[in-house]
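A short write-up of the structure that comes next.
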Amino acid sequence: MTEQNNPLDEQRQNLLVFIWKRRKIIGIVTGVAAVISVIVSFLLTPLYRSTAVVFPAATSTVSFSEQRNAKAASMDFGEEEQAEQLVQILSSSRIRDKIVEQFDLMAHYDIAPDDKNKHYKLVKEYENHFFFVRTRYGSIQIDVLDEDPVMAADMTNKIVDLIDTVKNNMVAERTLPAFEINKRKKEQMEIDRTEVLRKLDSLASLGVVPLDGRANLYQAYVDAKNQQEKAEIKKAIDINMQHGAEFDGLEYIRNEKIVKLEDFMESYEQAESDANTIFNHKFVVERAVVADKKDKPKRMIIVLLSTIGAMVFMVFGLLIKEKIDELRQVA
């Protein structure tokens, strides 16, 4: 064991001796790196973080069905699927474009309007300052970094408010055409029913009566006390014999159309609700507040990493240089 450790201990001692011999240049480079990193860290623009937390809602509609799923109640929190959908909406250009326009982020990020890569640069700046993450609790954390703490808080809260606006617009793109189709179908069904009722009224004005009423006509004819009364009843019987089948058919159609219209009204009311209801799609757990302490840069971390990195890099650089010099002497 001692024999195995001796080469390793010898290498360590050689490395320490090597570093000690070159301590001055290593110290100078490390010191310069430390000074430069301090200067750079103070030149970096401080960024302030504002955070909001929201939960997605389980449903985005009011159901008129008696058999609706109890998990889809408007008071329920959404699950993983709804959270992922909300993250996608938050990351979409629909929200980004509204934030860019309202807060004039092109000018805020010093992007020239005539820059041929302005859209690419704007998206990169946006992605570096806006973050949307699903937490392990199923909520969505919205983080915005900006050099202006008030603006960071305003943009964060605006994004929270835009969730409902954008999602309602997306839902309306599908529900409004569906409602218009249901509306036209309902109007056509009402027109058809009205036409049947008009024909029934027309036949009724001629003296046509329902089937059970026709049986009473025959009994009335038998019980008639004079010829005039019999003639009037006979005329009514002839009219009913001529138009009775048509009347019965119209009655059947009328009843069918009434039932179909009543059944269709549930679908129509659902479509109307989906198209016209402005729904809240999230639960706001925490709105953003103005940060009173910067989030970035972490100056101490920058200085430490830069200093240690410069020292390690210098040691390895000197080791490589010495090895190259040895190889040259051998050659």
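Naming works like this for the structure tokens: A, B, ... for the chains as they're shown, residue 1 at the start of each chain, ligands 1 onward in shown order.
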Next item on the list: Enumerate, as a list in words, the complete set of residues in segment 201-314 of chain A that a backbone-based DSSP assignment places in strand (DSSP E).
Entry: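 Filtering segment 201-314 of chain A to strand (DSSP E) leaves Lys282, Phe283, Val284, Val285 and Glu286 of chain A.
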Margin query: Excluding segment 173-179 of chain A and its own-chain neighbours fewer than 4 positions away, which residues fall within 7 Å of it when counting only C-alpha atoms? Please give them as a list in words.
Written below: Asn169, Lys183, Ala271, Glu272, Asp274 and Ala275 of chain A
May I have the selected residues written with all heavy atoms, as a PDB file, in the first residue's frame?
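Below you can see result-v3.pdb, which holds the result:
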```
ATOM      1  N   ASN A 169     -60.337  34.547 -25.837  1.00  0.00           N
ATOM      2  CA  ASN A 169     -60.279  34.786 -27.284  1.00  0.00           C
ATOM      3  C   ASN A 169     -60.060  33.488 -28.048  1.00  0.00           C
ATOM      4  O   ASN A 169     -60.664  33.264 -29.108  1.00  0.00           O
ATOM      5  CB  ASN A 169     -59.163  35.776 -27.607  1.00  0.00           C
ATOM      6  CG  ASN A 169     -59.480  37.181 -27.141  1.00  0.00           C
ATOM      7  OD1 ASN A 169     -60.638  37.526 -26.919  1.00  0.00           O
ATOM      8  ND2 ASN A 169     -58.461  38.005 -26.976  1.00  0.00           N
ATOM      9  N   LYS A 183     -77.489  28.297 -33.644  1.00  0.00           N
ATOM     10  CA  LYS A 183     -78.525  29.332 -33.750  1.00  0.00           C
ATOM     11  C   LYS A 183     -79.307  29.209 -35.047  1.00  0.00           C
ATOM     12  O   LYS A 183     -80.548  29.297 -35.056  1.00  0.00           O
ATOM     13  CB  LYS A 183     -77.863  30.712 -33.651  1.00  0.00           C
ATOM     14  CG  LYS A 183     -78.849  31.874 -33.657  1.00  0.00           C
ATOM     15  CD  LYS A 183     -78.107  33.199 -33.537  1.00  0.00           C
ATOM     16  CE  LYS A 183     -79.081  34.368 -33.554  1.00  0.00           C
ATOM     17  NZ  LYS A 183     -78.371  35.671 -33.468  1.00  0.00           N
ATOM     18  N   ALA A 271     -74.170  25.915 -26.170  1.00  0.00           N
ATOM     19  CA  ALA A 271     -73.377  26.636 -27.170  1.00  0.00           C
ATOM     20  C   ALA A 271     -73.431  28.144 -26.931  1.00  0.00           C
ATOM     21  O   ALA A 271     -72.427  28.847 -27.075  1.00  0.00           O
ATOM     22  CB  ALA A 271     -73.875  26.303 -28.570  1.00  0.00           C
ATOM     23  N   GLU A 272     -74.618  28.643 -26.554  1.00  0.00           N
ATOM     24  CA  GLU A 272     -74.770  30.077 -26.279  1.00  0.00           C
ATOM     25  C   GLU A 272     -73.929  30.482 -25.079  1.00  0.00           C
ATOM     26  O   GLU A 272     -73.276  31.529 -25.081  1.00  0.00           O
ATOM     27  CB  GLU A 272     -76.238  30.398 -26.031  1.00  0.00           C
ATOM     28  CG  GLU A 272     -76.504  31.880 -25.801  1.00  0.00           C
ATOM     29  CD  GLU A 272     -77.972  32.167 -25.516  1.00  0.00           C
ATOM     30  OE1 GLU A 272     -78.640  31.293 -24.921  1.00  0.00           O
ATOM     31  OE2 GLU A 272     -78.444  33.249 -25.878  1.00  0.00           O
ATOM     32  N   ASP A 274     -71.204  28.916 -23.908  1.00  0.00           N
ATOM     33  CA  ASP A 274     -69.782  28.820 -24.244  1.00  0.00           C
ATOM     34  C   ASP A 274     -69.316  30.012 -25.077  1.00  0.00           C
ATOM     35  O   ASP A 274     -68.184  30.479 -24.937  1.00  0.00           O
ATOM     36  CB  ASP A 274     -69.509  27.523 -25.013  1.00  0.00           C
ATOM     37  CG  ASP A 274     -69.702  26.292 -24.139  1.00  0.00           C
ATOM     38  OD1 ASP A 274     -69.716  26.444 -22.913  1.00  0.00           O
ATOM     39  OD2 ASP A 274     -69.850  25.187 -24.703  1.00  0.00           O
ATOM     40  N   ALA A 275     -70.196  30.503 -25.950  1.00  0.00           N
ATOM     41  CA  ALA A 275     -69.809  31.584 -26.857  1.00  0.00           C
ATOM     42  C   ALA A 275     -69.833  32.956 -26.188  1.00  0.00           C
ATOM     43  O   ALA A 275     -69.056  33.841 -26.556  1.00  0.00           O
ATOM     44  CB  ALA A 275     -70.725  31.596 -28.076  1.00  0.00           C
TER      45      ALA A 275
END
```
Next item on the list: May I have the residues within 12 Å of Ser93 of chain A as a list in words, using only C-alpha atoms and disregarding those fewer than 5 positions away in the same chain?
Entry: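 The neighbour list is Gln88, Lys98, Ile99, Val100, Glu101, His119, Leu122, Val123, Tyr126, Glu127 and Val166 of chain A.
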Save the residues we just selected, N, CA, C and O atoms, as a compact mmCIF listing (two decimals), in the first residue's frame?
```txt
# COMPACT_ATOMS: atom_id res chain seq x y z
N GLN A 88 -48.22 26.63 -21.89
CA GLN A 88 -48.14 26.85 -23.33
C GLN A 88 -48.76 28.18 -23.73
O GLN A 88 -48.23 28.91 -24.58
N LYS A 98 -48.69 41.15 -26.89
CA LYS A 98 -49.42 42.16 -26.12
C LYS A 98 -48.51 42.86 -25.11
O LYS A 98 -48.60 44.08 -24.92
N ILE A 99 -47.62 42.11 -24.47
CA ILE A 99 -46.69 42.70 -23.51
C ILE A 99 -45.69 43.61 -24.24
O ILE A 99 -45.38 44.72 -23.79
N VAL A 100 -45.19 43.14 -25.36
CA VAL A 100 -44.23 43.94 -26.15
C VAL A 100 -44.86 45.26 -26.57
O VAL A 100 -44.24 46.32 -26.48
N GLU A 101 -46.11 45.20 -27.01
CA GLU A 101 -46.78 46.41 -27.48
C GLU A 101 -47.10 47.36 -26.34
O GLU A 101 -46.85 48.56 -26.44
N HIS A 119 -36.73 41.03 -34.72
CA HIS A 119 -37.67 40.07 -34.13
C HIS A 119 -36.92 38.97 -33.38
O HIS A 119 -37.33 38.55 -32.30
N LEU A 122 -35.57 40.47 -30.19
CA LEU A 122 -36.65 40.73 -29.25
C LEU A 122 -37.08 39.45 -28.55
O LEU A 122 -37.27 39.42 -27.32
N VAL A 123 -37.23 38.37 -29.32
CA VAL A 123 -37.64 37.09 -28.73
C VAL A 123 -36.59 36.58 -27.75
O VAL A 123 -36.92 36.08 -26.67
N TYR A 126 -36.79 38.58 -24.62
CA TYR A 126 -38.01 38.20 -23.90
C TYR A 126 -37.79 36.88 -23.16
O TYR A 126 -38.17 36.74 -21.98
N GLU A 127 -37.21 35.91 -23.83
CA GLU A 127 -36.97 34.61 -23.21
C GLU A 127 -35.97 34.69 -22.06
O GLU A 127 -36.02 33.86 -21.15
N VAL A 166 -56.63 36.18 -23.25
CA VAL A 166 -56.12 35.38 -24.36
C VAL A 166 -56.87 34.06 -24.47
O VAL A 166 -57.26 33.64 -25.57
```
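A straight line drawn from atom CA of Ile111 of chain A to atom CA of Val38 of chain A is 28.1 Å long.
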Next item on the list: Could you find all residues in segment 27-236 of chain A that DSSP calls helix (DSSP H, G or I) from the backbone, and write them as a ChimeraX atom specification?
Entry: /A:27-43,70-72,80-90,93-103,105-108,118-129,149-206,211-223,227-236
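Of the residues listed (A:Leu217, A:Val222, A:Ile258, A:Ile278), A:Ile278 shows the shortest atom-to-atom separation from Thr165 of chain A; distances use only C-alpha atoms.
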Note to self: I'd like the neighbourhood of Lys234 of chain A as number ranges by chain, where a residue qualifies if any of its atoms comes within 12 Å (using only C-alpha atoms), though same-chain residues fewer than 2 positions away should be ignored.
What the structure shows: A: 207, 214, 217-222, 224, 227-232, 236-241
